[in-house]
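Pasted below: work-v2.pdb, PDB, C-alpha atoms, pLDDT in the B column.
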```pdb
ATOM      1  CA  MET Z 283     107.947  87.609  57.092  1.00 55.00           C
ATOM      2  CA  SER Z 284     105.595  87.234  60.025  1.00 69.00           C
ATOM      3  CA  LYS Z 285     103.571  90.426  59.549  1.00 81.00           C
ATOM      4  CA  PHE Z 286     101.654  91.070  56.355  1.00 83.00           C
ATOM      5  CA  GLN Z 287     100.460  94.647  55.934  1.00 89.00           C
ATOM      6  CA  PHE Z 288      97.328  95.318  53.914  1.00 91.00           C
ATOM      7  CA  LYS Z 289      95.790  98.726  53.197  1.00 94.00           C
ATOM      8  CA  GLN Z 290      93.305  98.705  56.088  1.00 95.00           C
ATOM      9  CA  PHE Z 291      94.631  95.984  58.385  1.00 92.00           C
ATOM     10  CA  ALA Z 292      97.672  93.864  59.222  1.00 90.00           C
ATOM     11  CA  VAL Z 293      97.930  90.097  59.666  1.00 90.00           C
ATOM     12  CA  GLU Z 294     100.425  88.312  61.905  1.00 89.00           C
ATOM     13  CA  GLN Z 295     101.146  84.778  60.708  1.00 85.00           C
ATOM     14  CA  ASP Z 296     104.129  83.505  62.698  1.00 83.00           C
ATOM     15  CA  ARG Z 297     102.000  80.894  64.550  1.00 79.00           C
ATOM     16  CA  CYS Z 298     100.108  79.602  61.523  1.00 78.00           C
ATOM     17  CA  ALA Z 299     101.150  76.550  59.537  1.00 70.00           C
ATOM     18  CA  MET Z 300      99.483  77.901  56.429  1.00 66.00           C
ATOM     19  CA  LYS Z 301     100.816  81.339  55.576  1.00 70.00           C
ATOM     20  CA  ILE Z 302      98.925  83.972  53.638  1.00 74.00           C
ATOM     21  CA  GLY Z 303      98.856  82.967  50.005  1.00 79.00           C
ATOM     22  CA  THR Z 304      97.206  84.066  46.795  1.00 87.00           C
ATOM     23  CA  ASP Z 305      94.343  81.566  47.286  1.00 92.00           C
ATOM     24  CA  GLY Z 306      93.040  83.160  50.476  1.00 93.00           C
ATOM     25  CA  VAL Z 307      93.383  86.701  49.192  1.00 94.00           C
ATOM     26  CA  LEU Z 308      91.635  85.812  45.936  1.00 96.00           C
ATOM     27  CA  LEU Z 309      88.720  84.176  47.734  1.00 97.00           C
ATOM     28  CA  GLY Z 310      88.419  87.097  50.163  1.00 97.00           C
ATOM     29  CA  ALA Z 311      88.313  89.575  47.286  1.00 97.00           C
ATOM     30  CA  TRP Z 312      86.158  87.476  44.930  1.00 98.00           C
ATOM     31  CA  ALA Z 313      83.477  85.901  47.151  1.00 98.00           C
ATOM     32  CA  PRO Z 314      80.133  87.402  46.096  1.00 98.00           C
ATOM     33  CA  ILE Z 315      78.385  89.502  48.766  1.00 98.00           C
ATOM     34  CA  SER Z 316      75.650  90.795  46.484  1.00 96.00           C
ATOM     35  CA  ASN Z 317      73.023  89.560  48.972  1.00 96.00           C
ATOM     36  CA  ASN Z 318      74.174  92.257  51.439  1.00 97.00           C
ATOM     37  CA  PRO Z 319      74.980  89.771  54.236  1.00 98.00           C
ATOM     38  CA  PHE Z 320      74.171  90.352  57.890  1.00 98.00           C
ATOM     39  CA  SER Z 321      76.187  87.280  58.938  1.00 98.00           C
ATOM     40  CA  ILE Z 322      79.304  85.634  57.494  1.00 98.00           C
ATOM     41  CA  LEU Z 323      81.125  82.396  58.391  1.00 98.00           C
ATOM     42  CA  ASP Z 324      84.709  81.538  57.414  1.00 97.00           C
ATOM     43  CA  ILE Z 325      85.354  77.787  57.782  1.00 95.00           C
ATOM     44  CA  GLY Z 326      89.015  76.998  58.492  1.00 93.00           C
ATOM     45  CA  ALA Z 327      90.133  80.536  59.207  1.00 93.00           C
ATOM     46  CA  GLY Z 328      93.915  80.129  59.456  1.00 91.00           C
ATOM     47  CA  THR Z 329      95.271  83.652  60.008  1.00 92.00           C
ATOM     48  CA  GLY Z 330      91.763  85.084  59.629  1.00 95.00           C
ATOM     49  CA  ILE Z 331      92.664  86.818  56.364  1.00 95.00           C
ATOM     50  CA  ILE Z 332      89.430  85.993  54.493  1.00 97.00           C
ATOM     51  CA  ALA Z 333      87.166  87.058  57.369  1.00 98.00           C
ATOM     52  CA  LEU Z 334      89.138  90.306  57.671  1.00 97.00           C
ATOM     53  CA  MET Z 335      88.771  91.008  53.960  1.00 97.00           C
ATOM     54  CA  LEU Z 336      85.036  90.377  54.144  1.00 98.00           C
ATOM     55  CA  ALA Z 337      84.810  92.707  57.141  1.00 98.00           C
ATOM     56  CA  GLN Z 338      86.431  95.394  54.990  1.00 97.00           C
ATOM     57  CA  ARG Z 339      84.162  94.680  51.993  1.00 98.00           C
ATOM     58  CA  SER Z 340      80.805  94.339  53.749  1.00 98.00           C
ATOM     59  CA  ASN Z 341      78.573  95.820  56.423  1.00 97.00           C
ATOM     60  CA  ALA Z 342      77.952  92.391  57.968  1.00 98.00           C
ATOM     61  CA  GLU Z 343      77.458  92.764  61.702  1.00 97.00           C
ATOM     62  CA  GLN Z 344      78.332  89.179  62.589  1.00 97.00           C
ATOM     63  CA  ILE Z 345      81.484  87.674  61.084  1.00 98.00           C
ATOM     64  CA  ASP Z 346      82.374  84.324  62.624  1.00 97.00           C
ATOM     65  CA  ALA Z 347      85.371  82.162  61.859  1.00 97.00           C
ATOM     66  CA  LEU Z 348      86.125  78.565  62.701  1.00 95.00           C
ATOM     67  CA  GLU Z 349      89.613  77.170  63.311  1.00 94.00           C
ATOM     68  CA  ILE Z 350      90.559  73.764  64.754  1.00 91.00           C
ATOM     69  CA  ASP Z 351      94.310  74.334  65.217  1.00 90.00           C
ATOM     70  CA  GLU Z 352      95.031  76.034  68.547  1.00 92.00           C
ATOM     71  CA  ASP Z 353      97.940  78.193  67.381  1.00 92.00           C
ATOM     72  CA  ALA Z 354      96.077  79.368  64.289  1.00 91.00           C
ATOM     73  CA  TYR Z 355      92.951  80.032  66.368  1.00 95.00           C
ATOM     74  CA  GLU Z 356      94.927  82.230  68.782  1.00 95.00           C
ATOM     75  CA  GLN Z 357      96.577  84.028  65.872  1.00 94.00           C
ATOM     76  CA  ALA Z 358      93.256  84.691  64.101  1.00 95.00           C
ATOM     77  CA  THR Z 359      91.763  85.968  67.373  1.00 97.00           C
ATOM     78  CA  ASP Z 360      94.688  88.378  67.826  1.00 96.00           C
ATOM     79  CA  ASN Z 361      94.441  89.535  64.208  1.00 96.00           C
ATOM     80  CA  PHE Z 362      90.701  90.163  64.666  1.00 97.00           C
ATOM     81  CA  GLU Z 363      91.229  92.091  67.906  1.00 97.00           C
ATOM     82  CA  ASN Z 364      93.910  94.258  66.306  1.00 96.00           C
ATOM     83  CA  SER Z 365      91.772  95.103  63.260  1.00 97.00           C
ATOM     84  CA  PRO Z 366      89.406  98.066  62.786  1.00 97.00           C
ATOM     85  CA  TRP Z 367      86.453  95.617  62.892  1.00 98.00           C
ATOM     86  CA  SER Z 368      87.152  93.793  66.167  1.00 97.00           C
ATOM     87  CA  ASP Z 369      83.545  94.299  67.337  1.00 98.00           C
ATOM     88  CA  ARG Z 370      82.211  92.334  64.323  1.00 98.00           C
ATOM     89  CA  LEU Z 371      84.732  89.469  64.189  1.00 98.00           C
ATOM     90  CA  PHE Z 372      84.791  86.341  66.347  1.00 97.00           C
ATOM     91  CA  CYS Z 373      86.761  83.102  66.059  1.00 97.00           C
ATOM     92  CA  TYR Z 374      85.559  79.752  67.429  1.00 95.00           C
ATOM     93  CA  HIS Z 375      88.152  77.164  68.424  1.00 95.00           C
ATOM     94  CA  ALA Z 376      86.403  74.070  67.086  1.00 92.00           C
ATOM     95  CA  GLY Z 377      86.271  71.575  64.278  1.00 89.00           C
ATOM     96  CA  LEU Z 378      83.499  71.729  61.710  1.00 91.00           C
ATOM     97  CA  ASP Z 379      81.918  68.539  63.039  1.00 89.00           C
ATOM     98  CA  GLU Z 380      81.605  70.072  66.533  1.00 90.00           C
ATOM     99  CA  PHE Z 381      80.319  73.366  65.165  1.00 92.00           C
ATOM    100  CA  VAL Z 382      77.459  71.818  63.172  1.00 92.00           C
ATOM    101  CA  GLU Z 383      76.251  69.613  66.051  1.00 90.00           C
ATOM    102  CA  GLU Z 384      74.393  72.508  67.637  1.00 82.00           C
ATOM    103  CA  PRO Z 385      74.121  75.231  65.018  1.00 78.00           C
ATOM    104  CA  GLU Z 386      72.834  78.434  66.574  1.00 79.00           C
ATOM    105  CA  ASP Z 387      72.819  80.640  63.517  1.00 86.00           C
ATOM    106  CA  GLU Z 388      72.312  80.629  59.808  1.00 95.00           C
ATOM    107  CA  TYR Z 389      74.789  82.586  57.709  1.00 98.00           C
ATOM    108  CA  ASP Z 390      74.165  84.726  54.638  1.00 98.00           C
ATOM    109  CA  VAL Z 391      77.687  84.160  53.345  1.00 98.00           C
ATOM    110  CA  ILE Z 392      79.881  81.110  54.006  1.00 98.00           C
ATOM    111  CA  VAL Z 393      83.445  80.991  52.699  1.00 98.00           C
ATOM    112  CA  SER Z 394      86.174  78.368  52.904  1.00 97.00           C
ATOM    113  CA  ASN Z 395      89.694  77.923  51.592  1.00 94.00           C
ATOM    114  CA  PRO Z 396      89.695  74.237  52.543  1.00 86.00           C
ATOM    115  CA  PRO Z 397      92.733  71.979  52.984  1.00 73.00           C
ATOM    116  CA  PHE Z 398      92.985  70.019  49.774  1.00 60.00           C
ATOM    117  CA  TYR Z 399      96.121  67.957  49.437  1.00 50.00           C
ATOM    118  CA  THR Z 400      94.779  64.468  48.890  1.00 46.00           C
ATOM    119  CA  GLU Z 401      98.154  62.840  48.212  1.00 48.00           C
ATOM    120  CA  ASP Z 402      99.026  59.910  50.466  1.00 44.00           C
ATOM    121  CA  TYR Z 403     102.222  61.306  51.923  1.00 45.00           C
ATOM    122  CA  LYS Z 404     102.533  63.249  55.148  1.00 53.00           C
ATOM    123  CA  THR Z 405     105.355  65.633  56.022  1.00 57.00           C
ATOM    124  CA  GLU Z 406     107.188  65.817  59.334  1.00 62.00           C
ATOM    125  CA  ASN Z 407     105.195  68.904  60.317  1.00 65.00           C
ATOM    126  CA  GLU Z 408     101.881  67.664  61.697  1.00 66.00           C
ATOM    127  CA  GLN Z 409     100.425  71.155  62.081  1.00 66.00           C
ATOM    128  CA  ARG Z 410     101.076  71.939  58.429  1.00 61.00           C
ATOM    129  CA  ASP Z 411      99.663  68.560  57.429  1.00 59.00           C
ATOM    130  CA  ILE Z 412      96.392  69.291  59.221  1.00 56.00           C
ATOM    131  CA  ALA Z 413      96.191  72.615  57.440  1.00 54.00           C
ATOM    132  CA  ARG Z 414      96.920  71.087  54.040  1.00 53.00           C
ATOM    133  CA  PHE Z 415      95.430  67.620  53.891  1.00 50.00           C
ATOM    134  CA  ALA Z 416      91.898  67.039  52.781  1.00 46.00           C
ATOM    135  CA  ASP Z 417      91.366  64.308  55.360  1.00 51.00           C
ATOM    136  CA  ALA Z 418      91.165  67.144  57.904  1.00 52.00           C
ATOM    137  CA  MET Z 419      88.026  68.400  56.146  1.00 62.00           C
ATOM    138  CA  PRO Z 420      86.611  66.290  53.306  1.00 82.00           C
ATOM    139  CA  PHE Z 421      84.679  68.216  50.660  1.00 90.00           C
ATOM    140  CA  GLU Z 422      81.441  66.357  51.409  1.00 91.00           C
ATOM    141  CA  GLU Z 423      81.633  67.354  55.078  1.00 92.00           C
ATOM    142  CA  LEU Z 424      82.203  70.969  54.050  1.00 95.00           C
ATOM    143  CA  ILE Z 425      79.296  71.008  51.577  1.00 96.00           C
ATOM    144  CA  GLU Z 426      76.965  69.266  54.038  1.00 96.00           C
ATOM    145  CA  ALA Z 427      77.844  71.894  56.673  1.00 96.00           C
ATOM    146  CA  ALA Z 428      77.258  74.714  54.182  1.00 97.00           C
ATOM    147  CA  ASP Z 429      73.842  73.282  53.355  1.00 97.00           C
ATOM    148  CA  LEU Z 430      73.003  73.113  57.062  1.00 96.00           C
ATOM    149  CA  LEU Z 431      74.273  76.601  57.945  1.00 97.00           C
ATOM    150  CA  LEU Z 432      73.416  78.652  54.854  1.00 98.00           C
ATOM    151  CA  SER Z 433      70.428  81.004  55.007  1.00 97.00           C
ATOM    152  CA  GLU Z 434      67.710  80.782  52.366  1.00 97.00           C
ATOM    153  CA  ASN Z 435      69.282  83.485  50.192  1.00 97.00           C
ATOM    154  CA  GLY Z 436      72.827  82.677  51.266  1.00 98.00           C
ATOM    155  CA  ILE Z 437      75.953  82.365  49.102  1.00 98.00           C
ATOM    156  CA  PHE Z 438      78.637  79.706  49.719  1.00 98.00           C
ATOM    157  CA  SER Z 439      82.066  80.314  48.141  1.00 98.00           C
ATOM    158  CA  VAL Z 440      85.229  78.201  48.008  1.00 98.00           C
ATOM    159  CA  ILE Z 441      88.565  77.966  46.260  1.00 96.00           C
ATOM    160  CA  ILE Z 442      89.659  74.442  45.282  1.00 94.00           C
ATOM    161  CA  PRO Z 443      92.064  72.726  42.870  1.00 92.00           C
ATOM    162  CA  TYR Z 444      90.694  72.813  39.321  1.00 94.00           C
ATOM    163  CA  LYS Z 445      91.012  69.017  39.077  1.00 92.00           C
ATOM    164  CA  GLU Z 446      88.444  68.719  41.891  1.00 91.00           C
ATOM    165  CA  GLU Z 447      85.917  71.081  40.300  1.00 95.00           C
ATOM    166  CA  GLU Z 448      83.702  68.447  38.687  1.00 95.00           C
ATOM    167  CA  SER Z 449      83.376  66.301  41.809  1.00 93.00           C
ATOM    168  CA  PHE Z 450      82.784  69.349  44.043  1.00 95.00           C
ATOM    169  CA  LEU Z 451      79.986  70.562  41.749  1.00 97.00           C
ATOM    170  CA  ALA Z 452      78.450  67.059  41.725  1.00 96.00           C
ATOM    171  CA  ILE Z 453      78.431  66.794  45.532  1.00 95.00           C
ATOM    172  CA  ALA Z 454      77.034  70.319  45.881  1.00 97.00           C
ATOM    173  CA  ASN Z 455      74.257  69.423  43.437  1.00 97.00           C
ATOM    174  CA  GLU Z 456      73.242  66.496  45.670  1.00 96.00           C
ATOM    175  CA  TYR Z 457      72.733  69.023  48.495  1.00 97.00           C
ATOM    176  CA  GLU Z 458      70.785  71.318  46.145  1.00 98.00           C
ATOM    177  CA  LEU Z 459      73.507  73.947  46.123  1.00 98.00           C
ATOM    178  CA  TYR Z 460      73.813  75.329  42.616  1.00 98.00           C
ATOM    179  CA  PRO Z 461      76.616  77.286  40.947  1.00 98.00           C
ATOM    180  CA  LEU Z 462      76.133  81.041  40.861  1.00 97.00           C
ATOM    181  CA  LYS Z 463      79.548  81.953  39.481  1.00 97.00           C
ATOM    182  CA  ILE Z 464      82.708  80.059  38.484  1.00 98.00           C
ATOM    183  CA  THR Z 465      86.127  81.631  37.947  1.00 98.00           C
ATOM    184  CA  ARG Z 466      89.078  79.475  36.881  1.00 98.00           C
ATOM    185  CA  LEU Z 467      92.556  80.691  37.762  1.00 97.00           C
ATOM    186  CA  LYS Z 468      95.779  80.583  35.788  1.00 96.00           C
ATOM    187  CA  GLY Z 469      99.129  81.869  37.027  1.00 94.00           C
ATOM    188  CA  THR Z 470     100.117  83.088  33.557  1.00 95.00           C
ATOM    189  CA  PRO Z 471      98.496  82.953  30.093  1.00 96.00           C
ATOM    190  CA  THR Z 472     100.468  79.820  29.161  1.00 95.00           C
ATOM    191  CA  THR Z 473     100.147  77.766  32.348  1.00 95.00           C
ATOM    192  CA  GLU Z 474      97.412  75.259  33.111  1.00 96.00           C
ATOM    193  CA  ILE Z 475      94.342  76.158  35.146  1.00 96.00           C
ATOM    194  CA  LYS Z 476      95.338  75.474  38.752  1.00 93.00           C
ATOM    195  CA  ARG Z 477      92.422  76.621  40.907  1.00 95.00           C
ATOM    196  CA  THR Z 478      88.707  77.256  40.678  1.00 97.00           C
ATOM    197  CA  LEU Z 479      86.674  79.806  42.612  1.00 98.00           C
ATOM    198  CA  LEU Z 480      83.113  78.551  43.037  1.00 98.00           C
ATOM    199  CA  ALA Z 481      80.067  80.356  44.434  1.00 98.00           C
ATOM    200  CA  PHE Z 482      76.807  78.528  45.180  1.00 98.00           C
ATOM    201  CA  SER Z 483      73.263  79.428  46.129  1.00 98.00           C
ATOM    202  CA  ARG Z 484      70.075  77.481  46.783  1.00 98.00           C
ATOM    203  CA  LYS Z 485      68.484  78.823  43.604  1.00 97.00           C
ATOM    204  CA  LYS Z 486      69.162  77.111  40.307  1.00 95.00           C
ATOM    205  CA  THR Z 487      70.527  79.552  37.734  1.00 90.00           C
ATOM    206  CA  ILE Z 488      70.530  78.430  34.120  1.00 89.00           C
ATOM    207  CA  HIS Z 489      72.972  81.070  32.884  1.00 92.00           C
ATOM    208  CA  PHE Z 490      75.741  81.891  35.312  1.00 94.00           C
ATOM    209  CA  PRO Z 491      79.135  83.419  34.523  1.00 94.00           C
ATOM    210  CA  ILE Z 492      82.069  81.084  33.910  1.00 96.00           C
ATOM    211  CA  GLU Z 493      85.239  83.148  33.681  1.00 97.00           C
ATOM    212  CA  GLU Z 494      88.978  82.754  33.537  1.00 97.00           C
ATOM    213  CA  LEU Z 495      91.320  84.937  35.583  1.00 97.00           C
ATOM    214  CA  ILE Z 496      95.017  85.193  34.771  1.00 97.00           C
ATOM    215  CA  ILE Z 497      97.128  86.517  37.625  1.00 95.00           C
ATOM    216  CA  GLU Z 498     100.264  87.764  35.855  1.00 94.00           C
ATOM    217  CA  THR Z 499     101.675  88.078  32.352  1.00 94.00           C
ATOM    218  CA  ALA Z 500     105.286  87.987  33.592  1.00 90.00           C
ATOM    219  CA  ARG Z 501     106.900  87.812  37.031  1.00 87.00           C
ATOM    220  CA  HIS Z 502     105.254  90.541  39.152  1.00 84.00           C
ATOM    221  CA  VAL Z 503     103.515  91.981  36.097  1.00 92.00           C
ATOM    222  CA  TYR Z 504      99.904  91.595  37.161  1.00 94.00           C
ATOM    223  CA  THR Z 505      96.910  91.593  34.830  1.00 96.00           C
ATOM    224  CA  SER Z 506      94.407  94.435  35.074  1.00 95.00           C
ATOM    225  CA  GLU Z 507      91.729  91.919  36.181  1.00 96.00           C
ATOM    226  CA  TYR Z 508      93.864  90.744  39.099  1.00 95.00           C
ATOM    227  CA  ILE Z 509      94.740  94.326  40.047  1.00 94.00           C
ATOM    228  CA  ASP Z 510      91.051  95.333  39.954  1.00 95.00           C
ATOM    229  CA  LEU Z 511      90.159  92.426  42.207  1.00 96.00           C
ATOM    230  CA  THR Z 512      92.862  92.996  44.833  1.00 95.00           C
ATOM    231  CA  ARG Z 513      93.641  96.739  44.743  1.00 93.00           C
ATOM    232  CA  GLU Z 514      91.502  97.511  47.800  1.00 94.00           C
ATOM    233  CA  PHE Z 515      93.773  95.241  49.853  1.00 93.00           C
ATOM    234  CA  TYR Z 516      97.349  95.068  48.616  1.00 89.00           C
ATOM    235  CA  LEU Z 517      99.491  98.097  49.454  1.00 84.00           C
ATOM    236  CA  LYS Z 518     101.286  98.185  46.108  1.00 80.00           C
ATOM    237  CA  MET Z 519      98.362  97.535  43.761  1.00 74.00           C
TER     238      MET Z 519
END
```
How would this structure read if it were set down as structure tokens?
Amino acid sequence: MSKFQFKQFAVEQDRCAMKIGTDGVLLGAWAPISNNPFSILDIGAGTGIIALMLAQRSNAEQIDALEIDEDAYEQATDNFENSPWSDRLFCYHAGLDEFVEEPEDEYDVIVSNPPFYTEDYKTENEQRDIARFADAMPFEELIEAADLLLSENGIFSVIIPYKEEESFLAIANEYELYPLKITRLKGTPTTEIKRTLLAFSRKKTIHFPIEELIIETARHVYTSEYIDLTREFYLKM
């Protein structure tokens, strides 16, 4: 299915290696915007889904996205132009390393659904590999960029594999980015924790919420928490 219809916008994904998945939608719905951002940056935009969701959720006037893959960049640009918020959305065709060389702006919210398959194998599809493998964007590079680009009261949010949570928190701590909120994700009540949603700020918070979110209790039977989080986006929620 190349076109994915949400309540307020549609996303074409036929040219993207990484299709719309639960991870991106969860991050787009979950990422804290309590600081009322003026500017938002989505690192590794793919289809542009997260930036589009944040355009729907916020009044941010500047929403920039960054995408290294040419096909995905063109797709995100088209999806932005065809959305109700085309005047606020812009996609850069660049890698993170290029983007941080001459940073022009600070951002109040930075989000990323980074590539995180660290296994040693590669598939035959190079485009998909770039989208999926962590060597395309190591966590340290991502955190360093967030530290460089985040405004004083900014919030940096990511979704990563749960097994990487400890090391990600440790690296972030070195850059004086401190957890603001942690939500661990399970597919069903009986499965293992697969993913972690992490939000960081520059201010150290002693007591911050650590929560668990279960997506469904049975196939296509979604929990009320998941429905509450995504109902503004999914047509059938």
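The closest residue to Lys485 in chain Z, picked from Z:Ile453, Z:Leu459, Z:Leu334, Z:Leu309 and counting only C-alpha atoms, is Z:Leu459.
The closest residue to Lys468 in chain Z, picked from Z:Thr304, Z:Ala376, Z:Ile345, Z:Leu323 and counting all atoms listed in the file, is Z:Thr304.
Matched in the shown structure by the PyMOL selection byres ((chain Z and resi 343) around 9): Pro319, Phe320, Ser321, Ile322, Ala337, Ser340, Asn341, Ala342, Gln344, Ile345, Asp369, Arg370 and Leu371 of chain Z.
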Residues near Ser316 in chain Z, cut-off 12 Å, all atoms listed in the file, skip fewer than 3 positions along chain, as a list in words: Trp312, Ala313, Pro319, Phe320, Arg339, Ser340, Asn341, Ala342, Asp390, Val391, Asn435, Gly436, Ile437, Phe438, Leu462, Lys463, Ala481 and Ser483 of chain Z
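Of the residues under consideration (Z:Leu511, Z:Ala500, Z:Ile350, Z:Leu378), Z:Ile350 shows the shortest atom-to-atom contact distance to Cys298 in chain Z when counting all atoms listed in the file.
The residue that comes closest to Asn317 in chain Z, out of Z:Ala354, Z:Ala299, Z:Ile392, Z:Ile332 and on the basis of all atoms listed in the file, is Z:Ile392.
Distance check against Phe286 in chain Z using all atoms listed in the file: of Z:Ser394, Z:Ser433, Z:Thr329, Z:Thr478, the minimum falls on Z:Thr329.
For the choices Z:Ala427, Z:Val307, Z:Ile496, Z:Ile315, the atom-to-atom distance to Lys476 in chain Z is smallest for Z:Ile496 when using all atoms listed in the file.
For the pair CA of Phe490 in chain Z and CA of Pro461 in chain Z, the interatomic distance is 7.3 Å.
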For CA of Glu423 in chain Z and CA of Ile464 in chain Z, the interatomic separation in Å (one decimal): 20.9 Å
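Atom to atom, CA of Ile492 in chain Z and CA of Ala428 in chain Z stand 21.8 Å apart.
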May I have the centre and edge lengths, in Å to one decimal, of an axis-aligned box around the listed atoms of range 504-515 of chain Z with 6 Å added to every side, as JSON?
```
{"center_x": 95.0, "center_y": 94.1, "center_z": 42.3, "size_x": 21.7, "size_y": 18.8, "size_z": 27.0}
```
Mind telling me what the PyMOL selection byres ((chain Z and resi 349) around 8) catches here, as a tab-separated table (two decimals) with C-alpha atoms, in the frame of the given file?
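New file out39.tsv:
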```
chain	number	residue	atom	x	y	z
Z	325	ILE	CA	85.35	77.79	57.78
Z	326	GLY	CA	89.02	77.00	58.49
Z	327	ALA	CA	90.13	80.54	59.21
Z	328	GLY	CA	93.92	80.13	59.46
Z	347	ALA	CA	85.37	82.16	61.86
Z	348	LEU	CA	86.12	78.56	62.70
Z	350	ILE	CA	90.56	73.76	64.75
Z	351	ASP	CA	94.31	74.33	65.22
Z	352	GLU	CA	95.03	76.03	68.55
Z	354	ALA	CA	96.08	79.37	64.29
Z	355	TYR	CA	92.95	80.03	66.37
Z	373	CYS	CA	86.76	83.10	66.06
Z	374	TYR	CA	85.56	79.75	67.43
Z	375	HIS	CA	88.15	77.16	68.42
Z	376	ALA	CA	86.40	74.07	67.09
Z	377	GLY	CA	86.27	71.58	64.28
```
Selection under test: the PyMOL selection byres ((chain Z and resi 444) around 7); residues as a ChimeraX atom specification: /Z:442-443,445-447,475-478
Could you save the residues just selected, with C-alpha atoms, as an mmCIF file, keeping the file's coordinate frame?
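Contents of the output file out-v3.cif:
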```cif
data_model
loop_
_atom_site.group_PDB
_atom_site.id
_atom_site.type_symbol
_atom_site.label_atom_id
_atom_site.label_comp_id
_atom_site.auth_asym_id
_atom_site.auth_seq_id
_atom_site.Cartn_x
_atom_site.Cartn_y
_atom_site.Cartn_z
ATOM 1 C CA ILE Z 442 89.659 74.442 45.282
ATOM 2 C CA PRO Z 443 92.064 72.726 42.870
ATOM 3 C CA LYS Z 445 91.012 69.017 39.077
ATOM 4 C CA GLU Z 446 88.444 68.719 41.891
ATOM 5 C CA GLU Z 447 85.917 71.081 40.300
ATOM 6 C CA ILE Z 475 94.342 76.158 35.146
ATOM 7 C CA LYS Z 476 95.338 75.474 38.752
ATOM 8 C CA ARG Z 477 92.422 76.621 40.907
ATOM 9 C CA THR Z 478 88.707 77.256 40.678
#
```
